[in-house]
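Structure record follows, encoded as structure tokens.
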Amino acid sequence: MPPQELWSNVIPTLRLYAELKRQGILPASTEIRSAYRSPGLNDCAGGADASQHMTAGAIDIWVPEYDNNPWLISKLQDNLCEFWHYQGQSYQFGLGLYSTGAIHLDTASYRKWGFNNTSSSSACRY
């Protein structure tokens, strides 16, 4: 549980998450896998030194039924990338996409990354 002074930090990210579900970009079955992380837990999880998870401003999500289905994961990533490209700046949408199907969402700044935490490794073609 994050310290109470951080609780409001997740609100913009949860609004983005809800909008992605409302538009059908994320399936209704999408689950939040990770949210706030203390610095120790963030280190243990291999998170970035300045991870938005430590400010309670980020969530990691996944779609359970997409596990082991690269085609569905790729299609979902394409849809997220399209939203990020056209509407992401207004949300300050940070989008991390991983080959495992894990997805990071935050609203700290408009950026994208992939497996090695660089923009060039992002699955987004935009």
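Chains: A, B, ... in order of the structure tokens. Residues: from 1 per chain. Ligands: from 1, in order shown.
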With range 88-108 of chain A as the partner and 8 Å as the cut-off, tabulate the residues of range 26-78 of chain A that qualify, each row holding the nearest pair of atoms and their distance in Å to one decimal, using only C-alpha atoms, sorted by chain and rising number, as JSON lines.
{"residue": "A:Gln52", "atom": "CA", "partner": "A:Asp106", "partner_atom": "CA", "distance": 7.1}
{"residue": "A:Gly57", "atom": "CA", "partner": "A:Asp106", "partner_atom": "CA", "distance": 6.0}
{"residue": "A:Ala58", "atom": "CA", "partner": "A:Asp106", "partner_atom": "CA", "distance": 4.4}
{"residue": "A:Ile59", "atom": "CA", "partner": "A:Leu105", "partner_atom": "CA", "distance": 5.5}
{"residue": "A:Asp60", "atom": "CA", "partner": "A:His104", "partner_atom": "CA", "distance": 4.4}
{"residue": "A:Ile61", "atom": "CA", "partner": "A:Ile103", "partner_atom": "CA", "distance": 5.2}
{"residue": "A:Trp62", "atom": "CA", "partner": "A:Ala102", "partner_atom": "CA", "distance": 5.3}
{"residue": "A:Val63", "atom": "CA", "partner": "A:Gly101", "partner_atom": "CA", "distance": 7.7}
{"residue": "A:Tyr66", "atom": "CA", "partner": "A:Gly101", "partner_atom": "CA", "distance": 7.6}
{"residue": "A:Asp67", "atom": "CA", "partner": "A:Gly101", "partner_atom": "CA", "distance": 7.1}
{"residue": "A:Ile73", "atom": "CA", "partner": "A:Gly101", "partner_atom": "CA", "distance": 5.8}
{"residue": "A:Gln77", "atom": "CA", "partner": "A:Leu97", "partner_atom": "CA", "distance": 7.1}
Restricting it to N, CA and C atoms, dump the selection as a short mmCIF file (atom, residue, chain, number, x, y, z; two decimals), in the first residue's frame.
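And here's out_9.cif as it stands now:
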data_model
loop_
_atom_site.label_atom_id
_atom_site.label_comp_id
_atom_site.auth_asym_id
_atom_site.auth_seq_id
_atom_site.Cartn_x
_atom_site.Cartn_y
_atom_site.Cartn_z
N GLN A 52 7.99 5.08 -12.11
CA GLN A 52 6.75 5.73 -11.69
C GLN A 52 5.96 4.87 -10.71
N GLY A 57 2.25 6.19 -9.47
CA GLY A 57 1.70 6.76 -10.69
C GLY A 57 1.66 5.82 -11.88
N ALA A 58 1.96 4.53 -11.66
CA ALA A 58 2.03 3.59 -12.78
C ALA A 58 1.32 2.28 -12.42
N ILE A 59 0.87 1.60 -13.47
CA ILE A 59 0.33 0.25 -13.31
C ILE A 59 0.91 -0.64 -14.40
N ASP A 60 1.05 -1.90 -14.10
CA ASP A 60 1.37 -2.91 -15.09
C ASP A 60 0.13 -3.77 -15.25
N ILE A 61 -0.19 -4.08 -16.49
CA ILE A 61 -1.41 -4.84 -16.77
C ILE A 61 -1.08 -6.02 -17.68
N TRP A 62 -2.03 -6.93 -17.77
CA TRP A 62 -1.93 -8.05 -18.69
C TRP A 62 -3.32 -8.58 -18.98
N VAL A 63 -3.42 -9.35 -20.05
CA VAL A 63 -4.68 -9.97 -20.44
C VAL A 63 -4.47 -11.48 -20.33
N TYR A 66 -4.63 -13.93 -23.26
CA TYR A 66 -3.69 -13.69 -24.35
C TYR A 66 -2.34 -14.38 -24.12
N ASP A 67 -2.14 -14.93 -22.92
CA ASP A 67 -0.90 -15.65 -22.63
C ASP A 67 -0.66 -16.71 -23.70
N ILE A 73 -1.35 -10.80 -28.65
CA ILE A 73 -0.49 -9.82 -27.97
C ILE A 73 -0.05 -8.74 -28.95
N GLN A 77 -0.91 -4.78 -28.79
CA GLN A 77 0.16 -3.80 -28.78
C GLN A 77 -0.01 -2.79 -29.92
#
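Note that the spacing between CA of Cys81 in chain A and CA of Leu41 in chain A amounts to 28.4 Å.
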*Which residue out of A:Ser29, A:Lys112, A:Cys44, A:Ala56 has the minimum interatomic distance to Leu14 in chain A when only C-alpha atoms are used?*
A:Ala56
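Around Lys21 in chain A, within 12 Å and counting only C-alpha atoms, the residues found are Leu14, Arg15, Leu16, Tyr17, Ile25, Leu26, Pro27, Ala28, Ser29, Thr30, Glu31, Ile61, Val63, Leu76, Asn79, Leu80 and Phe83 of chain A, once anything fewer than 4 positions away on its own chain is removed.
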_Using DSSP assignments from the backbone, pull out every residue in range 23-70 of chain A that falls under strand (DSSP E or B) and give it to me as an MDAnalysis selection string._
chainID A and resid 31:34 58:62
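You can rank A:Ala123, A:Pro2, A:Gly46, A:Asn9 by their closest distance to Lys75 in chain A using only C-alpha atoms, and at the top of that list sits A:Ala123.
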*Out of A:Ser121, A:Asn68, A:Asn116, A:Gln87, which residue has the shortest atom-to-atom distance to Leu20 in chain A when counting only C-alpha atoms?*
A:Gln87
*Using only C-alpha atoms, which residue out of A:Arg111, A:Arg37, A:His53, A:Arg22 lies closest to Trp84 in chain A?*
A:Arg111
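Of note, CA of Cys124 in chain A and CA of Ser74 in chain A are spaced 10.0 Å apart.
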*Between CA of Met1 in chain A and CA of Ser34 in chain A, distance in Å (one decimal)*: 11.3 Å
*Residues of range 26-120 of chain A in helix (DSSP H, G or I) according to DSSP, as a PyMOL selection string?*
chain A and resi 39-44+52-55+64-66+70-91+119-120
Could you save the residues just selected, with C-alpha atoms, as a PDB file, in the first residue's frame?
ATOM      1  CA  PRO A  39      11.940   1.261  -3.509  1.00  0.00           C
ATOM      2  CA  GLY A  40      12.984  -2.174  -2.200  1.00  0.00           C
ATOM      3  CA  LEU A  41      10.227  -3.981  -4.065  1.00  0.00           C
ATOM      4  CA  ASN A  42      11.002  -1.961  -7.199  1.00  0.00           C
ATOM      5  CA  ASP A  43      14.650  -3.084  -7.018  1.00  0.00           C
ATOM      6  CA  CYS A  44      13.546  -6.686  -6.530  1.00  0.00           C
ATOM      7  CA  GLN A  52       6.750   5.730 -11.686  1.00  0.00           C
ATOM      8  CA  HIS A  53       5.638   2.733  -9.635  1.00  0.00           C
ATOM      9  CA  MET A  54       7.497   4.227  -6.650  1.00  0.00           C
ATOM     10  CA  THR A  55       5.343   7.370  -6.881  1.00  0.00           C
ATOM     11  CA  PRO A  64      -4.719 -13.528 -19.034  1.00  0.00           C
ATOM     12  CA  GLU A  65      -6.317 -15.200 -22.048  1.00  0.00           C
ATOM     13  CA  TYR A  66      -3.687 -13.694 -24.352  1.00  0.00           C
ATOM     14  CA  PRO A  70       1.720 -13.914 -29.856  1.00  0.00           C
ATOM     15  CA  TRP A  71      -0.826 -12.867 -32.504  1.00  0.00           C
ATOM     16  CA  LEU A  72      -3.290 -11.500 -29.930  1.00  0.00           C
ATOM     17  CA  ILE A  73      -0.490  -9.816 -27.969  1.00  0.00           C
ATOM     18  CA  SER A  74       0.812  -8.196 -31.156  1.00  0.00           C
ATOM     19  CA  LYS A  75      -2.669  -6.985 -32.145  1.00  0.00           C
ATOM     20  CA  LEU A  76      -3.227  -5.511 -28.666  1.00  0.00           C
ATOM     21  CA  GLN A  77       0.159  -3.796 -28.778  1.00  0.00           C
ATOM     22  CA  ASP A  78      -0.631  -2.339 -32.212  1.00  0.00           C
ATOM     23  CA  ASN A  79      -3.922  -0.927 -30.901  1.00  0.00           C
ATOM     24  CA  LEU A  80      -2.207   0.567 -27.851  1.00  0.00           C
ATOM     25  CA  CYS A  81       0.481   2.088 -30.069  1.00  0.00           C
ATOM     26  CA  GLU A  82      -2.119   3.662 -32.321  1.00  0.00           C
ATOM     27  CA  PHE A  83      -3.912   5.201 -29.327  1.00  0.00           C
ATOM     28  CA  TRP A  84      -0.548   6.338 -27.899  1.00  0.00           C
ATOM     29  CA  HIS A  85       0.393   7.969 -31.196  1.00  0.00           C
ATOM     30  CA  TYR A  86      -2.876   9.833 -31.765  1.00  0.00           C
ATOM     31  CA  GLN A  87      -4.116  10.552 -28.229  1.00  0.00           C
ATOM     32  CA  GLY A  88      -1.234   9.776 -25.892  1.00  0.00           C
ATOM     33  CA  GLN A  89       0.222  13.248 -25.681  1.00  0.00           C
ATOM     34  CA  SER A  90      -2.955  14.637 -24.120  1.00  0.00           C
ATOM     35  CA  TYR A  91      -2.712  11.975 -21.387  1.00  0.00           C
ATOM     36  CA  SER A 119      12.219   4.009 -27.384  1.00  0.00           C
ATOM     37  CA  SER A 120      13.940   2.126 -30.211  1.00  0.00           C
TER      38      SER A 120
END
